[in-house]
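Visitor: Mind looking over this structure? Questions follow.
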Amino acid sequence: MVQLKVFRFRQGMERPRYDTFAVADQQGLTVLGALFGAQALHDDSLAFRYSCRGAACGTCAMLINRVPRLACRTQVEALLRGDPGPVLPYYPLPGLTEPWDPRKEVMVEPLPHLPVIRDLIVDMTGFFDAYRSVLPVLQSRDPVPEKEWPMTPATVRELDQYTSCILCAACYAACPVNGKNPRYTGPAALAKLWRFRIDPRERDSARRLGTADHPDGWWACEFHTNCRRVCPRGVPPDKAIGHARQELKTVKKDTGSG
């Protein structure tokens, strides 16, 4: 049997609690599968988000053994063997008051830095507000070609690093800066902004750079690299932010405005 220790909260509760559920172990069992088992066998009020079950939609991101991950791809067997997953060198989560033995139990909690609606479901409004603030759509330059925009393989490879984001908010939840500064644009939005900065089809890519040229944008990052470590698709927001800051420094030096 697998022991799941799950964070529980709903409106009207004085404080959250943790419930423990025993779920039958089986080969290939994921944390999402274990949550389905707990819901079906023990408590049908247990609330969590999911959709594709194939690590493509990002909906089931949650804190698993104190690390942001996708529940649909996280294997229970690996957790109980002691696999810590991504190692986050600096991640100041609140200390646990609930007893927890990672050798025997899987701890499942909602993503931090976002308000909890119920159990493992968080309010993603702040995350998506930050994402929309960078205007994450291509604004094509003129004239639009009759067939297609030609791009070199190197340009395509560079863009591919940032286009695979599935908006799971794992990077947002793993970022210490988001934890202490709710105004911070955040790694996912900044990585998307850089994606349009380097897209040769973009109408005014230089203007994109200035969109986050403020204390809560490019300059708020502290380069803990947690964002890159937890991303299920390998998107490197820290790399994008570093490039953007270097470009801005160069521009300000050349124009004498920095």
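So you can find residues: chains in the structure tokens are A, B, ... in the order shown, residues in each start at 1, and ligands are numbered from 1 in order.
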Neighbours of Glu109 (chain A) within 8 Å (only C-alpha atoms; same-chain residues fewer than 5 positions away dropped), as a list in words?
Guide: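 Everything that qualifies: Val6, Phe7, Met62, Leu63, Ile64, Arg66, Asp119 and Leu120 of chain A.
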Visitor: Could the residues in this selection be saved with C-alpha atoms as a compact mmCIF listing (two decimals), in the first residue's frame?
Guide:
```txt
# COMPACT_ATOMS: atom_id res chain seq x y z
CA VAL A 6 -2.62 15.23 1.36
CA PHE A 7 -3.18 18.90 2.21
CA MET A 62 1.39 20.56 -7.41
CA LEU A 63 3.91 20.35 -4.60
CA ILE A 64 5.01 16.72 -4.29
CA ARG A 66 7.98 19.66 -1.21
CA ASP A 119 -7.38 21.19 -1.27
CA LEU A 120 -4.82 21.02 -4.11
```
Visitor: Extract, using only C-alpha atoms, all DNA, RNA and protein residues at most 12 Å from Cys165 (chain A), discarding same-chain residues fewer than 2 positions from it, and format them as a PyMOL selection string.
Guide: chain A and resi 55-58+131+136+159-163+167-171+187-193+195+227-228+230-237
Visitor: Keeping only N, CA and C atoms, take the residues you just selected and write them out as a short mmCIF file (atom, residue, chain, number, x, y, z; two decimals), in the first residue's frame.
Guide:
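The result, written out as out-v4.cif:
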```cif
data_model
loop_
_atom_site.label_atom_id
_atom_site.label_comp_id
_atom_site.auth_asym_id
_atom_site.auth_seq_id
_atom_site.Cartn_x
_atom_site.Cartn_y
_atom_site.Cartn_z
N ALA A 55 1.38 14.89 -19.40
CA ALA A 55 2.42 15.91 -19.22
C ALA A 55 2.45 16.92 -20.36
N ALA A 56 1.28 17.17 -20.94
CA ALA A 56 1.21 18.13 -22.04
C ALA A 56 0.41 19.38 -21.70
N CYS A 57 -0.46 19.32 -20.70
CA CYS A 57 -1.34 20.46 -20.42
C CYS A 57 -0.88 21.29 -19.22
N GLY A 58 -0.13 20.68 -18.30
CA GLY A 58 0.36 21.42 -17.14
C GLY A 58 -0.64 21.60 -16.03
N TYR A 131 1.40 36.72 -16.95
CA TYR A 131 1.62 36.19 -18.30
C TYR A 131 1.01 37.12 -19.35
N PRO A 136 1.52 38.06 -24.77
CA PRO A 136 2.17 36.86 -25.30
C PRO A 136 1.61 36.38 -26.64
N LEU A 159 14.42 29.47 -30.60
CA LEU A 159 13.01 29.71 -30.28
C LEU A 159 12.39 28.50 -29.58
N ASP A 160 12.78 27.30 -30.03
CA ASP A 160 12.19 26.08 -29.48
C ASP A 160 12.41 25.96 -27.98
N GLN A 161 13.48 26.55 -27.47
CA GLN A 161 13.74 26.48 -26.04
C GLN A 161 12.61 27.11 -25.22
N TYR A 162 11.93 28.08 -25.81
CA TYR A 162 10.94 28.86 -25.06
C TYR A 162 9.49 28.62 -25.50
N THR A 163 9.29 27.97 -26.63
CA THR A 163 7.92 27.79 -27.13
C THR A 163 7.23 26.58 -26.52
N LEU A 167 2.63 26.30 -19.30
CA LEU A 167 1.95 27.18 -18.35
C LEU A 167 1.46 26.41 -17.12
N CYS A 168 2.30 25.53 -16.61
CA CYS A 168 1.93 24.75 -15.43
C CYS A 168 2.14 25.52 -14.14
N ALA A 169 2.96 26.59 -14.19
CA ALA A 169 3.27 27.45 -13.04
C ALA A 169 4.21 26.79 -12.03
N ALA A 170 4.84 25.67 -12.40
CA ALA A 170 5.82 25.06 -11.51
C ALA A 170 6.98 26.02 -11.25
N CYS A 171 7.42 26.73 -12.30
CA CYS A 171 8.53 27.68 -12.14
C CYS A 171 8.14 28.83 -11.22
N PRO A 187 9.09 33.89 -13.87
CA PRO A 187 9.91 33.25 -14.89
C PRO A 187 9.17 32.84 -16.15
N ALA A 188 7.96 32.32 -16.03
CA ALA A 188 7.24 31.86 -17.23
C ALA A 188 6.94 33.02 -18.16
N ALA A 189 6.43 34.13 -17.61
CA ALA A 189 6.09 35.28 -18.43
C ALA A 189 7.34 35.91 -19.05
N LEU A 190 8.43 35.98 -18.30
CA LEU A 190 9.66 36.58 -18.84
C LEU A 190 10.28 35.70 -19.92
N ALA A 191 10.20 34.38 -19.75
CA ALA A 191 10.70 33.49 -20.80
C ALA A 191 9.88 33.67 -22.08
N LYS A 192 8.57 33.83 -21.94
CA LYS A 192 7.71 34.06 -23.11
C LYS A 192 8.02 35.41 -23.75
N LEU A 193 8.28 36.41 -22.95
CA LEU A 193 8.63 37.73 -23.47
C LEU A 193 9.91 37.66 -24.29
N ARG A 195 11.01 35.07 -25.81
CA ARG A 195 10.71 34.31 -27.03
C ARG A 195 10.27 35.24 -28.17
N CYS A 227 13.63 27.74 -11.44
CA CYS A 227 12.68 27.71 -12.56
C CYS A 227 13.10 26.67 -13.59
N ARG A 228 14.37 26.69 -13.96
CA ARG A 228 14.87 25.74 -14.96
C ARG A 228 14.85 24.32 -14.41
N VAL A 230 12.82 22.86 -12.24
CA VAL A 230 11.52 22.19 -12.09
C VAL A 230 10.71 22.14 -13.38
N CYS A 231 11.12 22.86 -14.43
CA CYS A 231 10.32 22.91 -15.66
C CYS A 231 10.22 21.51 -16.29
N PRO A 232 9.00 20.99 -16.48
CA PRO A 232 8.87 19.66 -17.08
C PRO A 232 9.23 19.62 -18.56
N ARG A 233 9.40 20.77 -19.19
CA ARG A 233 9.74 20.83 -20.61
C ARG A 233 11.14 21.40 -20.85
N GLY A 234 11.87 21.67 -19.79
CA GLY A 234 13.24 22.14 -19.95
C GLY A 234 13.39 23.57 -20.41
N VAL A 235 12.36 24.39 -20.23
CA VAL A 235 12.46 25.81 -20.60
C VAL A 235 13.42 26.50 -19.63
N PRO A 236 14.37 27.31 -20.13
CA PRO A 236 15.35 27.98 -19.26
C PRO A 236 15.06 29.46 -19.06
N PRO A 237 14.11 29.83 -18.21
CA PRO A 237 13.82 31.26 -18.00
C PRO A 237 15.03 32.05 -17.53
#
```
Visitor: Can you list every residue in region 100-230 of chain A that DSSP puts in helix (DSSP H, G or I), as a ChimeraX atom specification?
Guide: /A:125-133,153-163,170-174,176-180,187-197,205-211,218-220,226-230
Visitor: Go ahead and compute the interatomic distance for CA of Ala174 (chain A) and CA of Leu114 (chain A), in Å to one decimal.
Guide: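 Result for CA of Ala174 (chain A) versus CA of Leu114 (chain A): 11.2 Å, one decimal.
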Visitor: Just give me the gap between CA of Leu135 (chain A) and CA of Arg203 (chain A) in Å, one decimal is fine.
Guide: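 Value for the CA of Leu135 (chain A)-CA of Arg203 (chain A) distance: 13.1 Å.
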Visitor: Counting only C-alpha atoms, which residues of region 147-227 of chain A sit at most 7 Å from some atom of region 83-100 of chain A, and what is each one's closest atom pair with its distance in Å to one decimal, listed by chain and rising residue number, as CSV?
Guide:
```
residue,atom,partner,partner_atom,distance
A:Ala174,CA,A:Tyr91,CA,7.0
A:Pro176,CA,A:Tyr91,CA,6.0
A:His224,CA,A:Tyr90,CA,6.7
A:Asn226,CA,A:Leu88,CA,5.7
```
Visitor: Write the residues of the selection above to a file with C-alpha atoms, as a tab-separated table (two decimals), in the first residue's frame.
Guide:
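Contents of again.tsv, as written:
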```
chain	number	residue	atom	x	y	z
A	174	ALA	CA	9.55	27.29	-7.22
A	176	PRO	CA	11.84	32.45	-4.17
A	224	HIS	CA	18.42	30.80	-8.07
A	226	ASN	CA	14.85	26.83	-9.55
```
Visitor: What does the distance between CA of Val108 (chain A) and CA of Leu4 (chain A) come to in Å, to one decimal place?
Guide: 7.2 Å
Visitor: Run DSSP on the backbone and give me the residues of region 95-246 of chain A it puts in strand (DSSP E), as a list in words.
Guide: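 Of region 95-246 of chain A, the ones in strand (DSSP E) are Glu105, Val106, Met107, Val108, Glu109, Val116, Ile117, Arg118, Ile121 and Val122 of chain A.
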Visitor: Find the residues near Pro182 (chain A): any atom within 10 Å, counting only C-alpha atoms, skip ones fewer than 3 places away on the same chain, and give them as a ChimeraX atom specification.
Guide: /A:113-114,126-127,130,177-179,185-186,216
Visitor: Write the residues of the preceding selection, restricted to N, CA and C atoms, as a PDB file, in the first residue's frame.
Guide:
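Just written: again.pdb:
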```
ATOM      1  N   HIS A 113       2.842  30.187  -3.320  1.00  0.00           N
ATOM      2  CA  HIS A 113       2.829  31.529  -3.918  1.00  0.00           C
ATOM      3  C   HIS A 113       1.525  31.853  -4.633  1.00  0.00           C
ATOM      4  N   LEU A 114       0.529  30.957  -4.530  1.00  0.00           N
ATOM      5  CA  LEU A 114      -0.780  31.188  -5.142  1.00  0.00           C
ATOM      6  C   LEU A 114      -1.853  30.839  -4.105  1.00  0.00           C
ATOM      7  N   GLY A 126      -3.123  35.335 -10.454  1.00  0.00           N
ATOM      8  CA  GLY A 126      -1.894  36.118 -10.423  1.00  0.00           C
ATOM      9  C   GLY A 126      -0.890  35.658 -11.457  1.00  0.00           C
ATOM     10  N   PHE A 127      -0.773  34.353 -11.627  1.00  0.00           N
ATOM     11  CA  PHE A 127       0.145  33.799 -12.626  1.00  0.00           C
ATOM     12  C   PHE A 127      -0.252  34.233 -14.032  1.00  0.00           C
ATOM     13  N   ALA A 130       0.216  38.009 -14.803  1.00  0.00           N
ATOM     14  CA  ALA A 130       1.601  38.318 -15.148  1.00  0.00           C
ATOM     15  C   ALA A 130       1.910  37.876 -16.573  1.00  0.00           C
ATOM     16  N   VAL A 177      11.716  34.511  -5.473  1.00  0.00           N
ATOM     17  CA  VAL A 177      11.356  35.912  -5.677  1.00  0.00           C
ATOM     18  C   VAL A 177       9.837  36.064  -5.748  1.00  0.00           C
ATOM     19  N   ASN A 178       9.156  35.156  -6.452  1.00  0.00           N
ATOM     20  CA  ASN A 178       7.693  35.197  -6.475  1.00  0.00           C
ATOM     21  C   ASN A 178       7.116  35.014  -5.069  1.00  0.00           C
ATOM     22  N   GLY A 179       7.837  34.268  -4.239  1.00  0.00           N
ATOM     23  CA  GLY A 179       7.360  34.047  -2.887  1.00  0.00           C
ATOM     24  C   GLY A 179       7.371  35.291  -2.023  1.00  0.00           C
ATOM     25  N   THR A 185       7.103  39.776 -12.254  1.00  0.00           N
ATOM     26  CA  THR A 185       6.486  39.233 -13.463  1.00  0.00           C
ATOM     27  C   THR A 185       6.581  37.714 -13.495  1.00  0.00           C
ATOM     28  N   GLY A 186       7.684  37.167 -13.032  1.00  0.00           N
ATOM     29  CA  GLY A 186       7.816  35.714 -12.916  1.00  0.00           C
ATOM     30  C   GLY A 186       8.508  35.072 -14.097  1.00  0.00           C
ATOM     31  N   ASP A 216      10.386  45.151 -11.085  1.00  0.00           N
ATOM     32  CA  ASP A 216       9.663  43.900 -10.868  1.00  0.00           C
ATOM     33  C   ASP A 216       9.688  43.006 -12.100  1.00  0.00           C
TER      34      ASP A 216
END
```
Visitor: Taking 4 positions as the minimum chain separation for residues in the same chain, which residues sit within 9 Å of region 137-154 of chain A when counting only C-alpha atoms? Answer as a list in words.
Guide: Glu158, Leu159, Phe196, Asp199, Pro200, Arg201, Glu202, Arg203 and Asp204 of chain A
Visitor: Could those selected residues go to a file with C-alpha atoms, as a short mmCIF file (atom, residue, chain, number, x, y, z; two decimals), in the first residue's frame?
Guide:
```cif
data_model
loop_
_atom_site.label_atom_id
_atom_site.label_comp_id
_atom_site.auth_asym_id
_atom_site.auth_seq_id
_atom_site.Cartn_x
_atom_site.Cartn_y
_atom_site.Cartn_z
CA GLU A 158 16.76 29.06 -30.07
CA LEU A 159 13.01 29.71 -30.28
CA PHE A 196 9.09 37.23 -28.86
CA ASP A 199 11.52 35.98 -33.01
CA PRO A 200 12.52 37.43 -36.42
CA ARG A 201 8.84 37.66 -37.39
CA GLU A 202 8.08 40.11 -34.55
CA ARG A 203 7.23 43.66 -35.66
CA ASP A 204 9.12 45.52 -32.96
#
```
Visitor: Find the residues around region 241-245 of chain A up to 8 Å (only C-alpha atoms counted), leave out those fewer than 5 positions away in its own chain, and share them as a ChimeraX atom specification.
Guide: /A:190-191,194,209,218-219,221
Visitor: Hey, can you spit out that residue selection with N, CA and C atoms as an mmCIF file, in the first residue's frame?
Guide:
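Okay, this is what ended up in again01.cif:
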```
data_model
loop_
_atom_site.group_PDB
_atom_site.id
_atom_site.type_symbol
_atom_site.label_atom_id
_atom_site.label_comp_id
_atom_site.auth_asym_id
_atom_site.auth_seq_id
_atom_site.Cartn_x
_atom_site.Cartn_y
_atom_site.Cartn_z
ATOM 1 N N LEU A 190 8.433 35.977 -18.302
ATOM 2 C CA LEU A 190 9.662 36.580 -18.835
ATOM 3 C C LEU A 190 10.280 35.699 -19.918
ATOM 4 N N ALA A 191 10.203 34.384 -19.754
ATOM 5 C CA ALA A 191 10.696 33.494 -20.802
ATOM 6 C C ALA A 191 9.881 33.672 -22.079
ATOM 7 N N TRP A 194 10.891 36.934 -23.784
ATOM 8 C CA TRP A 194 12.148 36.781 -24.520
ATOM 9 C C TRP A 194 11.938 36.010 -25.827
ATOM 10 N N LEU A 209 11.833 44.146 -25.372
ATOM 11 C CA LEU A 209 12.845 44.153 -24.322
ATOM 12 C C LEU A 209 12.490 45.155 -23.223
ATOM 13 N N TRP A 218 12.672 42.136 -15.492
ATOM 14 C CA TRP A 218 13.969 41.464 -15.687
ATOM 15 C C TRP A 218 14.874 41.596 -14.459
ATOM 16 N N TRP A 219 14.828 42.759 -13.819
ATOM 17 C CA TRP A 219 15.824 43.084 -12.789
ATOM 18 C C TRP A 219 15.511 42.472 -11.428
ATOM 19 N N CYS A 221 14.921 39.215 -10.882
ATOM 20 C CA CYS A 221 15.426 37.838 -10.800
ATOM 21 C C CYS A 221 16.716 37.781 -9.990
#
```
